[in-house]
$ cat model13.csv   # CSV, C-alpha atoms
chain,number,residue,atom,x,y,z
B,1,MET,CA,0.0,0.0,0.0
B,2,SER,CA,1.5,3.3,-1.1
B,3,TRP,CA,1.4,6.3,1.3
B,4,GLU,CA,2.1,9.9,0.7
B,5,THR,CA,3.0,12.8,3.0
B,6,LYS,CA,1.9,16.4,2.6
B,7,THR,CA,1.5,19.2,5.1
B,8,LEU,CA,-2.0,20.0,6.3
B,9,GLY,CA,-1.7,23.5,4.7
B,10,GLU,CA,-0.9,21.9,1.3
B,11,LEU,CA,-3.9,19.6,1.6
B,12,ALA,CA,-6.2,22.5,2.5
B,13,ALA,CA,-4.9,24.6,-0.4
B,14,ARG,CA,-5.5,21.8,-2.9
B,15,ALA,CA,-9.0,21.4,-1.6
B,16,GLY,CA,-9.7,25.1,-1.9
B,17,GLY,CA,-10.1,25.1,1.9
B,18,GLU,CA,-8.1,26.6,4.7
B,19,VAL,CA,-6.7,26.4,8.2
B,20,ARG,CA,-8.0,29.4,10.0
B,21,THR,CA,-8.0,30.5,13.7
B,22,GLY,CA,-11.2,31.7,15.2
B,23,PRO,CA,-11.8,35.4,15.9
B,24,PHE,CA,-9.6,37.1,18.5
B,25,GLY,CA,-10.9,38.4,21.7
B,26,SER,CA,-10.9,41.9,20.3
B,27,GLN,CA,-13.4,40.7,17.7
B,28,LEU,CA,-15.8,38.7,19.9
B,29,HIS,CA,-16.6,40.3,23.2
B,30,LYS,CA,-18.6,39.1,26.2
B,31,ALA,CA,-21.3,41.6,25.3
B,32,ASP,CA,-21.8,39.8,22.0
B,33,TYR,CA,-23.1,36.6,23.7
B,34,VAL,CA,-26.8,36.2,24.2
B,35,ASP,CA,-29.0,34.1,26.4
B,36,ASP,CA,-31.1,32.6,23.6
B,37,GLU,CA,-31.3,28.9,22.9
B,38,SER,CA,-32.3,29.7,19.2
B,39,ALA,CA,-29.1,31.8,18.7
B,40,THR,CA,-26.0,30.6,16.9
B,41,PRO,CA,-23.6,28.4,19.0
B,42,VAL,CA,-19.9,29.4,19.2
B,43,VAL,CA,-17.6,26.4,19.5
B,44,MET,CA,-14.8,26.9,22.1
B,45,PRO,CA,-12.2,24.3,23.1
B,46,LYS,CA,-14.2,23.4,26.2
B,47,ASP,CA,-17.1,22.3,23.9
B,48,MET,CA,-15.0,19.7,22.1
B,49,VAL,CA,-15.7,16.4,23.9
B,50,GLU,CA,-15.0,12.9,22.6
B,51,GLY,CA,-14.6,14.3,19.0
B,52,LYS,CA,-18.1,15.9,19.1
B,53,ILE,CA,-19.4,19.3,20.0
B,54,ASP,CA,-21.0,19.3,23.5
B,55,THR,CA,-23.7,21.9,23.7
B,56,SER,CA,-24.4,21.6,27.5
B,57,SER,CA,-22.7,24.9,28.2
B,58,ILE,CA,-22.1,26.3,24.8
B,59,ALA,CA,-22.2,30.1,24.3
B,60,ARG,CA,-24.4,31.7,21.6
B,61,ILE,CA,-24.4,34.9,19.5
B,62,ASP,CA,-27.0,36.8,17.5
B,63,LEU,CA,-27.3,36.9,13.8
B,64,GLU,CA,-25.7,40.3,13.5
B,65,THR,CA,-22.5,39.0,15.2
B,66,VAL,CA,-22.5,35.9,13.0
B,67,GLU,CA,-22.7,38.1,9.8
B,68,ARG,CA,-19.9,40.3,11.1
B,69,LEU,CA,-17.7,37.2,11.7
B,70,CYS,CA,-18.9,35.3,8.7
B,71,ALA,CA,-15.3,34.3,7.8
B,72,HIS,CA,-15.3,32.0,10.8
B,73,ILE,CA,-18.5,30.1,10.1
B,74,LEU,CA,-18.2,26.3,10.3
B,75,ARG,CA,-19.5,24.0,7.5
B,76,ALA,CA,-20.4,20.4,7.5
B,77,GLY,CA,-17.3,18.3,7.1
B,78,ASP,CA,-15.0,20.8,8.8
B,79,ILE,CA,-12.8,19.9,11.7
B,80,VAL,CA,-12.6,22.3,14.6
B,81,LEU,CA,-9.4,22.2,16.8
B,82,GLY,CA,-8.6,23.6,20.2
B,83,ARG,CA,-5.6,25.8,19.6
B,84,ARG,CA,-4.8,26.9,23.1
B,85,GLY,CA,-4.8,25.3,26.6
B,86,ASP,CA,-5.6,21.6,26.2
B,87,ILE,CA,-3.9,21.0,22.8
B,88,GLY,CA,-5.3,17.9,21.0
B,89,ARG,CA,-9.0,18.7,21.5
B,90,ARG,CA,-10.9,18.3,18.2
B,91,ALA,CA,-14.5,17.9,17.0
B,92,TRP,CA,-16.3,17.0,13.8
B,93,THR,CA,-18.8,19.4,12.3
B,94,GLY,CA,-21.8,17.6,10.9
B,95,GLN,CA,-25.0,18.8,9.3
B,96,VAL,CA,-26.5,19.8,12.6
B,97,GLU,CA,-23.5,22.1,13.3
B,98,ASP,CA,-23.4,23.6,9.8
B,99,GLY,CA,-23.5,27.4,10.2
B,100,TRP,CA,-22.2,27.5,13.8
B,101,LEU,CA,-19.2,29.7,14.5
B,102,CYS,CA,-15.6,28.7,15.2
B,103,GLY,CA,-14.9,30.5,18.5
B,104,THR,CA,-12.0,32.2,20.2
B,105,GLY,CA,-9.3,29.7,21.1
B,106,SER,CA,-10.5,27.3,18.3
B,107,MET,CA,-9.3,26.7,14.7
B,108,ARG,CA,-11.2,25.6,11.6
B,109,VAL,CA,-9.7,23.0,9.2
B,110,SER,CA,-11.6,22.9,5.9
B,111,LEU,CA,-10.7,20.0,3.5
B,112,ASN,CA,-14.0,19.4,1.7
B,113,GLY,CA,-13.5,18.3,-1.9
B,114,SER,CA,-9.8,17.4,-1.4
B,115,PRO,CA,-8.3,15.3,-4.2
B,116,ASP,CA,-5.9,13.8,-1.7
B,117,VAL,CA,-7.6,13.1,1.6
B,118,ARG,CA,-11.0,12.5,3.1
B,119,SER,CA,-11.7,15.1,5.8
B,120,ARG,CA,-12.9,12.3,8.1
B,121,PHE,CA,-9.6,10.4,7.7
B,122,VAL,CA,-7.7,13.6,8.8
B,123,PHE,CA,-10.1,13.9,11.7
B,124,TYR,CA,-8.9,10.5,12.9
B,125,TYR,CA,-5.3,11.3,12.0
B,126,LEU,CA,-5.5,14.3,14.4
B,127,ALA,CA,-6.2,11.9,17.2
B,128,LEU,CA,-2.9,9.9,16.8
B,129,PRO,CA,-0.7,10.2,19.8
B,130,GLU,CA,2.2,11.3,17.6
B,131,THR,CA,0.1,14.0,15.9
B,132,VAL,CA,-1.0,15.4,19.3
B,133,ALA,CA,2.6,15.2,20.5
B,134,TRP,CA,3.7,17.2,17.3
B,135,LEU,CA,1.1,19.9,18.0
B,136,GLU,CA,2.1,20.1,21.7
B,137,GLY,CA,5.7,20.3,20.7
B,138,HIS,CA,5.1,23.2,18.4
B,139,ALA,CA,2.8,25.2,20.7
B,140,VAL,CA,4.2,28.3,22.4
B,141,GLY,CA,3.3,30.1,25.6
B,142,ALA,CA,4.8,30.2,29.1
B,143,THR,CA,1.5,29.9,31.0
B,144,MET,CA,-0.9,28.5,28.3
B,145,SER,CA,0.0,26.6,25.2
B,146,ASN,CA,-1.0,28.3,21.9
B,147,LEU,CA,-1.1,27.1,18.3
B,148,SER,CA,-1.1,29.5,15.3
B,149,ALA,CA,-2.6,28.7,11.9
B,150,GLY,CA,0.9,28.9,10.4
B,151,VAL,CA,2.2,26.1,12.7
B,152,VAL,CA,-0.8,23.8,12.2
B,153,GLN,CA,-0.5,24.3,8.4
B,154,GLN,CA,3.0,22.7,8.7
B,155,LEU,CA,1.7,19.5,10.3
B,156,PRO,CA,2.8,16.6,8.2
B,157,VAL,CA,0.0,14.3,7.2
B,158,ARG,CA,0.7,10.8,6.0
B,159,PHE,CA,-2.1,9.1,4.0
B,160,PRO,CA,-2.9,6.2,1.7
B,161,SER,CA,-5.2,6.1,-1.4
B,162,LEU,CA,-8.7,7.4,-1.1
B,163,LEU,CA,-10.0,3.8,-1.2
B,164,GLN,CA,-7.9,2.8,1.7
B,165,GLN,CA,-8.9,5.9,3.6
B,166,ASP,CA,-12.5,5.0,3.1
B,167,HIS,CA,-11.9,1.5,4.5
B,168,VAL,CA,-10.2,3.0,7.6
B,169,VAL,CA,-13.0,5.5,8.1
B,170,ASP,CA,-15.7,2.9,7.7
B,171,ILE,CA,-14.1,0.8,10.5
B,172,LEU,CA,-13.6,3.6,12.9
B,173,ASP,CA,-17.0,5.2,12.1
B,174,ALA,CA,-18.7,1.8,12.9
B,175,MET,CA,-17.1,1.8,16.3
B,176,ASP,CA,-18.0,5.4,16.9
B,177,ASP,CA,-21.6,4.7,15.8
B,178,LEU,CA,-22.0,2.1,18.5
B,179,ILE,CA,-20.6,4.5,21.0
B,180,GLU,CA,-23.0,7.3,19.8
B,181,ASN,CA,-26.0,5.0,20.0
B,182,ASN,CA,-25.2,4.2,23.6
B,183,ARG,CA,-24.7,7.9,24.3
B,184,ARG,CA,-28.1,8.7,22.9
B,185,ARG,CA,-29.7,5.9,25.1
B,186,ILE,CA,-27.9,7.5,28.0
B,187,GLU,CA,-29.4,10.9,27.1
B,188,ILE,CA,-32.9,9.3,27.0
B,189,LEU,CA,-32.4,7.7,30.4
B,190,GLU,CA,-31.2,11.0,31.9
B,191,GLU,CA,-34.2,12.8,30.4
B,192,MET,CA,-36.6,10.2,31.8
B,193,ALA,CA,-35.1,10.6,35.2
B,194,ARG,CA,-35.4,14.4,35.0
B,195,LEU,CA,-39.0,14.2,33.9
B,196,LEU,CA,-39.8,11.9,36.8
B,197,TYR,CA,-38.0,14.1,39.2
B,198,ARG,CA,-39.9,17.2,38.0
B,199,GLU,CA,-43.2,15.5,38.3
B,200,TRP,CA,-42.6,14.4,41.9
B,201,PHE,CA,-40.4,17.2,43.3
B,202,VAL,CA,-41.4,20.3,41.3
B,203,HIS,CA,-45.0,19.7,40.4
B,204,PHE,CA,-45.6,17.4,43.4
B,205,ARG,CA,-47.6,15.0,41.2
B,206,PHE,CA,-46.5,11.8,43.1
B,207,PRO,CA,-48.7,8.8,44.0
B,208,GLY,CA,-51.1,9.8,46.8
B,209,GLN,CA,-50.5,13.5,46.3
B,210,GLU,CA,-54.2,14.2,46.1
B,211,ASN,CA,-54.5,13.5,49.8
B,212,VAL,CA,-51.6,15.8,50.8
B,213,GLU,CA,-51.9,19.5,51.5
B,214,LEU,CA,-49.3,22.0,50.5
B,215,VAL,CA,-47.6,24.0,53.3
B,216,ASP,CA,-45.3,27.0,53.3
B,217,SER,CA,-41.5,26.5,53.4
B,218,GLU,CA,-38.4,28.5,52.6
B,219,LEU,CA,-38.6,27.2,49.1
B,220,GLY,CA,-42.3,28.0,48.7
B,221,PRO,CA,-45.2,25.5,49.0
B,222,ILE,CA,-44.2,21.9,49.6
B,223,PRO,CA,-46.3,18.8,50.5
B,224,GLU,CA,-47.1,18.4,54.2
B,225,GLY,CA,-44.7,15.9,55.7
B,226,TRP,CA,-41.9,17.0,53.5
B,227,GLU,CA,-39.0,19.2,54.7
B,228,VAL,CA,-36.2,21.4,53.3
B,229,ALA,CA,-32.6,20.3,53.9
B,230,GLY,CA,-29.2,21.5,53.1
B,231,LEU,CA,-26.8,19.6,50.8
B,232,PHE,CA,-24.4,18.9,53.6
B,233,ASP,CA,-27.3,17.3,55.6
B,234,LEU,CA,-28.0,14.8,52.8
B,235,ALA,CA,-24.6,13.9,51.5
B,236,GLU,CA,-20.9,13.5,52.3
B,237,VAL,CA,-19.2,16.3,50.4
B,238,GLY,CA,-15.6,15.6,49.6
B,239,PHE,CA,-13.0,18.0,48.1
B,240,GLY,CA,-10.0,17.1,46.0
B,241,PHE,CA,-6.4,16.4,46.9
B,242,SER,CA,-3.5,18.6,45.7
B,243,PHE,CA,-1.8,16.1,43.5
B,244,LYS,CA,1.5,17.2,42.0
B,245,SER,CA,0.6,17.7,38.3
B,246,LYS,CA,4.3,17.1,37.3
B,247,GLN,CA,3.7,13.5,38.2
B,248,PHE,CA,0.7,13.1,36.0
B,249,GLY,CA,1.0,10.8,33.0
B,250,PRO,CA,-0.8,8.2,30.8
B,251,GLU,CA,0.3,5.4,33.2
B,252,GLY,CA,0.5,5.0,36.9
B,253,GLN,CA,-1.1,3.2,39.9
B,254,PHE,CA,-3.9,5.7,40.6
B,255,PRO,CA,-6.4,7.3,38.1
B,256,VAL,CA,-7.0,11.0,38.9
B,257,VAL,CA,-10.1,12.9,37.9
B,258,ARG,CA,-9.5,16.6,36.9
B,259,ILE,CA,-12.1,19.2,36.0
B,260,ARG,CA,-11.5,18.5,32.3
B,261,ASP,CA,-12.5,14.8,32.8
B,262,ILE,CA,-16.0,15.5,34.2
B,263,PRO,CA,-17.7,16.1,30.8
B,264,LYS,CA,-16.0,13.0,29.4
B,265,HIS,CA,-17.1,10.8,32.4
B,266,ARG,CA,-13.6,9.2,32.4
B,267,THR,CA,-10.0,10.0,32.9
B,268,GLU,CA,-6.7,9.2,31.2
B,269,THR,CA,-4.6,10.8,33.9
B,270,PHE,CA,-2.6,8.7,36.3
B,271,THR,CA,-0.1,9.2,39.1
B,272,ASP,CA,1.9,7.1,41.5
B,273,GLU,CA,1.5,9.7,44.2
B,274,VAL,CA,-0.3,8.2,47.2
B,275,SER,CA,-3.3,10.0,48.7
B,276,ASP,CA,-5.8,9.3,51.4
B,277,LYS,CA,-8.9,7.0,51.1
B,278,ARG,CA,-11.1,10.0,51.6
B,279,TYR,CA,-10.2,11.2,48.1
B,280,GLU,CA,-11.6,8.0,46.5
B,281,ILE,CA,-14.3,8.2,43.8
B,282,HIS,CA,-16.7,5.3,43.5
B,283,ASP,CA,-19.2,4.5,40.7
B,284,GLY,CA,-22.3,6.5,41.3
B,285,ASP,CA,-20.7,9.4,43.0
B,286,THR,CA,-21.7,12.9,41.7
B,287,LEU,CA,-18.7,15.0,40.6
B,288,ILE,CA,-18.7,18.8,40.2
B,289,GLY,CA,-16.0,20.9,38.6
B,290,MET,CA,-15.4,24.0,40.7
B,291,ASP,CA,-13.8,26.3,38.2
B,292,GLY,CA,-14.9,27.6,34.8
B,293,ASP,CA,-18.1,25.9,33.7
B,294,PHE,CA,-19.3,23.9,36.7
B,295,HIS,CA,-19.8,20.6,34.9
B,296,MET,CA,-21.5,17.7,36.7
B,297,CYS,CA,-21.5,14.0,36.1
B,298,ARG,CA,-22.3,10.7,37.9
B,299,TRP,CA,-19.1,8.7,37.8
B,300,ALA,CA,-19.1,5.2,36.3
B,301,ASP,CA,-15.5,4.6,35.3
B,302,GLY,CA,-14.3,2.6,38.4
B,303,LEU,CA,-12.2,3.6,41.4
B,304,ALA,CA,-10.4,6.9,40.9
B,305,TYR,CA,-9.2,9.9,43.0
B,306,LEU,CA,-10.3,13.5,43.3
B,307,ASN,CA,-7.9,16.1,42.1
B,308,GLN,CA,-8.1,19.6,43.6
B,309,ARG,CA,-11.0,21.8,42.6
B,310,VAL,CA,-13.2,18.7,41.9
B,311,THR,CA,-15.9,18.0,44.5
B,312,ARG,CA,-17.6,14.6,45.2
B,313,ILE,CA,-21.2,14.4,46.4
B,314,ARG,CA,-22.1,11.0,47.9
B,315,ALA,CA,-25.7,10.6,49.2
B,316,THR,CA,-26.0,9.6,52.9
B,317,GLY,CA,-29.5,10.7,53.7
B,318,GLN,CA,-33.1,9.8,52.7
B,319,LEU,CA,-32.6,10.8,49.0
B,320,GLY,CA,-30.8,8.2,46.9
B,321,GLN,CA,-27.9,9.2,44.7
B,322,MET,CA,-29.9,9.8,41.5
B,323,ALA,CA,-32.5,11.9,43.3
B,324,LEU,CA,-29.9,13.9,45.1
B,325,HIS,CA,-28.0,14.5,41.8
B,326,LEU,CA,-31.1,15.7,40.1
B,327,SER,CA,-32.0,18.0,43.0
B,328,ILE,CA,-28.8,19.9,42.8
B,329,GLU,CA,-28.6,20.3,39.0
B,330,ALA,CA,-30.7,23.5,39.0
B,331,PRO,CA,-28.7,25.2,41.9
B,332,ILE,CA,-25.4,24.4,40.2
B,333,GLN,CA,-26.7,25.7,36.9
B,334,HIS,CA,-27.8,28.9,38.7
B,335,PHE,CA,-24.3,29.3,40.1
B,336,ASN,CA,-22.9,28.8,36.6
B,337,ARG,CA,-25.0,31.7,35.3
B,338,THR,CA,-24.5,34.1,38.2
B,339,ILE,CA,-20.9,33.6,39.5
B,340,ILE,CA,-18.5,35.8,37.6
B,341,GLY,CA,-14.8,35.8,38.0
B,342,THR,CA,-12.2,38.3,36.7
B,343,THR,CA,-10.7,35.5,34.6
B,344,VAL,CA,-12.4,32.2,35.6
B,345,ALA,CA,-15.5,31.7,37.7
B,346,HIS,CA,-15.0,29.8,41.0
B,347,LEU,CA,-17.5,27.7,42.9
B,348,GLY,CA,-16.7,27.5,46.6
B,349,LYS,CA,-17.8,25.5,49.6
B,350,ARG,CA,-19.9,28.4,50.8
B,351,HIS,CA,-22.0,28.2,47.6
B,352,LEU,CA,-22.6,24.5,48.1
B,353,GLN,CA,-23.7,25.3,51.7
B,354,GLU,CA,-26.4,27.6,50.3
B,355,ILE,CA,-28.1,24.7,48.4
B,356,ARG,CA,-31.4,23.8,49.9
B,357,VAL,CA,-33.6,21.0,48.4
B,358,PRO,CA,-37.0,19.5,49.2
B,359,VAL,CA,-36.9,16.1,50.9
B,360,PRO,CA,-40.1,13.9,50.9
B,361,ASP,CA,-41.4,11.8,53.7
B,362,THR,CA,-39.8,8.3,54.1
B,363,ALA,CA,-42.4,6.4,52.1
B,364,THR,CA,-42.3,8.8,49.2
B,365,ALA,CA,-38.5,8.9,49.3
B,366,HIS,CA,-38.3,5.1,49.1
B,367,ALA,CA,-40.8,5.1,46.2
B,368,ILE,CA,-38.8,7.7,44.1
B,369,ASN,CA,-35.5,5.9,44.8
B,370,ASP,CA,-37.1,2.6,43.6
B,371,GLN,CA,-38.1,4.4,40.4
B,372,LEU,CA,-34.8,6.0,39.7
B,373,ALA,CA,-32.4,3.2,40.8
B,374,PRO,CA,-33.0,1.0,37.7
B,375,LEU,CA,-32.4,4.0,35.4
B,376,MET,CA,-29.1,4.8,37.2
B,377,ILE,CA,-27.9,1.2,36.9
B,378,LEU,CA,-28.8,1.0,33.2
B,379,GLU,CA,-27.0,4.3,32.5
B,380,ALA,CA,-23.9,3.1,34.4
B,381,ASN,CA,-23.9,-0.2,32.4
B,382,LEU,CA,-24.1,1.8,29.1
B,383,ARG,CA,-21.2,4.0,30.1
B,384,LYS,CA,-19.2,0.9,30.9
B,385,GLN,CA,-20.0,-0.6,27.5
B,386,ASN,CA,-18.8,2.6,25.9
B,387,ARG,CA,-15.6,2.5,27.9
B,388,VAL,CA,-14.9,-1.0,26.4
B,389,LEU,CA,-15.8,0.2,22.9
B,390,ARG,CA,-13.5,3.3,23.3
B,391,GLU,CA,-10.6,1.1,24.4
B,392,ALA,CA,-11.1,-1.1,21.4
B,393,ARG,CA,-11.3,1.9,19.0
B,394,ASP,CA,-8.3,3.7,20.6
B,395,LEU,CA,-6.3,0.5,20.4
B,396,GLN,CA,-7.0,0.1,16.7
B,397,LEU,CA,-7.0,3.7,15.6
B,398,PRO,CA,-3.2,4.3,15.7
B,399,ARG,CA,-2.6,1.1,13.8
B,400,LEU,CA,-5.2,1.8,11.2
B,401,VAL,CA,-4.5,5.4,10.5
B,402,SER,CA,-0.7,5.0,10.5
B,403,GLY,CA,-0.9,1.9,8.2
B,404,GLU,CA,0.7,-0.4,10.8
B,405,LEU,CA,-2.4,-2.7,10.5
B,406,ASP,CA,-3.3,-4.2,7.2
B,407,LEU,CA,-7.1,-4.1,6.8
B,408,SER,CA,-7.2,-7.7,5.7
B,409,GLU,CA,-5.9,-8.7,9.1
B,410,LEU,CA,-8.7,-7.0,11.0
B,411,ASP,CA,-11.7,-9.0,12.2
B,412,LEU,CA,-14.2,-6.2,12.3
B,413,ASP,CA,-17.0,-8.4,13.7
B,414,GLY,CA,-14.8,-9.4,16.6
B,415,VAL,CA,-13.9,-5.8,17.3
B,416,LEU,CA,-17.6,-4.7,17.3
B,417,VAL,CA,-19.0,-7.5,19.4
$ encode --input "model13.csv" --output "structure tokens"
Amino acid sequence: MSWETKTLGELAARAGGEVRTGPFGSQLHKADYVDDESATPVVMPKDMVEGKIDTSSIARIDLETVERLCAHILRAGDIVLGRRGDIGRRAWTGQVEDGWLCGTGSMRVSLNGSPDVRSRFVFYYLALPETVAWLEGHAVGATMSNLSAGVVQQLPVRFPSLLQQDHVVDILDAMDDLIENNRRRIEILEEMARLLYREWFVHFRFPGQENVELVDSELGPIPEGWEVAGLFDLAEVGFGFSFKSKQFGPEGQFPVVRIRDIPKHRTETFTDEVSDKRYEIHDGDTLIGMDGDFHMCRWADGLAYLNQRVTRIRATGQLGQMALHLSIEAPIQHFNRTIIGTTVAHLGKRHLQEIRVPVPDTATAHAINDQLAPLMILEANLRKQNRVLREARDLQLPRLVSGELDLSELDLDGVLV
């Protein structure tokens, strides 16, 4: 099999595309962002999760700003890269994301119509460890790594024939499709849990509610027999350990969860530094990132350890873990909207101590926990399935995209079982 090598800039030029950085901060101001779900999303590095664009905390801009920054509009088939901070983040722009904006700190790679490469092949090529290492090695910046378009244009890309690229893409896409299907099922389970929680805890439409009067409380009317409690009364709240970041690596005895790992629900950071048992994370624990965007997740990736500025919430009271998690989503989202920092927003212990939630009587609490527990178990199992699928994909990806593995040697059915 014959392979060629060209720079990413050459490939983009031959496709009539480009490698372009997003607008600078002087072009896109905080005042340009709007609180409107129908407005155009702006893709920042933090929004690039698992090769896709995560819209859970994405910023948006109005049409006038989009028109002013039209040179940075993303089109289906583009690749968007993180160019500063966590080098190596990337996401695919599909039909849904067509017309969104490449944001500050991001970079657009357009290869549509290339006579040499499939854009999707390059998307996977950018995930190779050696590719990420090349980008990290060419980034500059004393406090935060930065990539320029000129540097990324010089990235060498090695590729086979278009037919061979199509075979590689088909195999990797098949694995990604299985992961995506599970992700969608997880989303459905999460929405089912939220709807059930809202019915019982917001609208108070729970079994037997017709025989219960509403009484005043600090949160407004709640059913008689219910009470209002603080987060620290309902859970063990744990804060992270100050691990030495210089000892972090892809291998080690102890997996460590950092803020960046929360949206991914998994970590690839390890250390040999020993910490105390009180910093352990177990499956089912709720994790909250305390800086930037206050992401939350229910952990399902096995035993790990809390890094500093990550908080663990473990239910100890009448509310089960899923019900407690759902009860604090709205307060954390409120803090996300209202806490403003000079550079990065910070969530503190005092904020968590302000959280107050409704707690039902014992019988109703047992009933809601019984309803939510199976959803939580199924969600955790799907996340574990995805972990196995990702490990299989990540094992095969470097061998496929680099040409180390001959496609005729690969048992695709075995990989996808």
$ residues_around --input "model13.csv" --residues "segment 382-393 of chain B" --least-positions-apart "4" --cutoff "7 Å" --atoms "all atoms listed in the file" --output "list of chain:residue names"
B:Leu172, B:Met175, B:Ile179, B:Asn182, B:Ile186, B:Ala300, B:Asp301, B:Leu378, B:Leu397, B:Val415
$ atom_distance --input "model13.csv" --atom1 "atom CA of Glu210 of chain B" --atom2 "atom CA of Glu224 of chain B"
11.6 Å
$ residues_around --input "model13.csv" --residues "Pro221 of chain B" --least-positions-apart "5" --cutoff "12 Å" --atoms "all atoms listed in the file" --output "PyMOL selection string"
chain B and resi 201-204+212-216+226-228+358
$ atom_distance --input "model13.csv" --atom1 "atom CA of Gly320 of chain B" --atom2 "atom CA of Ala365 of chain B"
8.1 Å
$ closest_residue --input "model13.csv" --among "B:Ala315, B:Val122, B:Ala323, B:Leu195" --to "Ala12 of chain B" --atoms "all atoms listed in the file"
B:Val122
$ residues_around --input "model13.csv" --residues "segment 106-113 of chain B" --least-positions-apart "3" --cutoff "7 Å" --atoms "only C-alpha atoms" --output "PDB file with C-alpha atoms, in the frame of the given file"
ATOM      1  CA  ALA B  12      -6.200  22.500   2.500  1.00  0.00           C
ATOM      2  CA  ALA B  15      -9.000  21.400  -1.600  1.00  0.00           C
ATOM      3  CA  GLY B  17     -10.100  25.100   1.900  1.00  0.00           C
ATOM      4  CA  GLU B  18      -8.100  26.600   4.700  1.00  0.00           C
ATOM      5  CA  VAL B  19      -6.700  26.400   8.200  1.00  0.00           C
ATOM      6  CA  ARG B  20      -8.000  29.400  10.000  1.00  0.00           C
ATOM      7  CA  THR B  21      -8.000  30.500  13.700  1.00  0.00           C
ATOM      8  CA  GLY B  22     -11.200  31.700  15.200  1.00  0.00           C
ATOM      9  CA  MET B  44     -14.800  26.900  22.100  1.00  0.00           C
ATOM     10  CA  PRO B  45     -12.200  24.300  23.100  1.00  0.00           C
ATOM     11  CA  GLY B  77     -17.300  18.300   7.100  1.00  0.00           C
ATOM     12  CA  ASP B  78     -15.000  20.800   8.800  1.00  0.00           C
ATOM     13  CA  ILE B  79     -12.800  19.900  11.700  1.00  0.00           C
ATOM     14  CA  VAL B  80     -12.600  22.300  14.600  1.00  0.00           C
ATOM     15  CA  LEU B  81      -9.400  22.200  16.800  1.00  0.00           C
ATOM     16  CA  GLY B  82      -8.600  23.600  20.200  1.00  0.00           C
ATOM     17  CA  ARG B  83      -5.600  25.800  19.600  1.00  0.00           C
ATOM     18  CA  CYS B 102     -15.600  28.700  15.200  1.00  0.00           C
ATOM     19  CA  GLY B 103     -14.900  30.500  18.500  1.00  0.00           C
ATOM     20  CA  SER B 119     -11.700  15.100   5.800  1.00  0.00           C
TER      21      SER B 119
END
$ residues_around --input "model13.csv" --residues "Asp86 of chain B" --least-positions-apart "4" --cutoff "10 Å" --atoms "only C-alpha atoms" --output "compact mmCIF listing (two decimals) with C-alpha atoms, in the coordinates of the input"
# COMPACT_ATOMS: atom_id res chain seq x y z
CA PRO B 45 -12.20 24.30 23.10
CA LYS B 46 -14.20 23.40 26.20
CA GLY B 82 -8.60 23.60 20.20
CA GLU B 136 2.10 20.10 21.70
CA MET B 144 -0.90 28.50 28.30
CA SER B 145 0.00 26.60 25.20
CA ASN B 146 -1.00 28.30 21.90
CA ARG B 260 -11.50 18.50 32.30
$ residues_around --input "model13.csv" --residues "Thr131 of chain B" --least-positions-apart "3" --cutoff "10 Å" --atoms "only C-alpha atoms" --output "mmCIF file with C-alpha atoms, in the coordinates of the input"
data_model
loop_
_atom_site.group_PDB
_atom_site.id
_atom_site.type_symbol
_atom_site.label_atom_id
_atom_site.label_comp_id
_atom_site.auth_asym_id
_atom_site.auth_seq_id
_atom_site.Cartn_x
_atom_site.Cartn_y
_atom_site.Cartn_z
ATOM 1 C CA GLY B 88 -5.300 17.900 21.000
ATOM 2 C CA TYR B 125 -5.300 11.300 12.000
ATOM 3 C CA LEU B 126 -5.500 14.300 14.400
ATOM 4 C CA ALA B 127 -6.200 11.900 17.200
ATOM 5 C CA LEU B 128 -2.900 9.900 16.800
ATOM 6 C CA TRP B 134 3.700 17.200 17.300
ATOM 7 C CA LEU B 135 1.100 19.900 18.000
ATOM 8 C CA GLU B 136 2.100 20.100 21.700
ATOM 9 C CA GLY B 137 5.700 20.300 20.700
ATOM 10 C CA LEU B 155 1.700 19.500 10.300
ATOM 11 C CA PRO B 156 2.800 16.600 8.200
ATOM 12 C CA VAL B 157 0.000 14.300 7.200
#
$ decode --input "model13.csv" --residues "segment 235-251 of chain B" --atoms "C-alpha atoms" --output "short mmCIF file (atom, residue, chain, number, x, y, z; two decimals), in the first residue's frame"
data_model
loop_
_atom_site.label_atom_id
_atom_site.label_comp_id
_atom_site.auth_asym_id
_atom_site.auth_seq_id
_atom_site.Cartn_x
_atom_site.Cartn_y
_atom_site.Cartn_z
CA ALA B 235 -24.57 13.94 51.51
CA GLU B 236 -20.94 13.45 52.26
CA VAL B 237 -19.23 16.31 50.39
CA GLY B 238 -15.60 15.63 49.56
CA PHE B 239 -13.02 18.01 48.13
CA GLY B 240 -9.99 17.10 46.01
CA PHE B 241 -6.36 16.43 46.88
CA SER B 242 -3.51 18.64 45.67
CA PHE B 243 -1.80 16.06 43.51
CA LYS B 244 1.50 17.15 41.97
CA SER B 245 0.65 17.74 38.31
CA LYS B 246 4.27 17.13 37.30
CA GLN B 247 3.75 13.47 38.25
CA PHE B 248 0.68 13.08 36.01
CA GLY B 249 1.00 10.80 33.01
CA PRO B 250 -0.81 8.24 30.83
CA GLU B 251 0.29 5.42 33.17
#
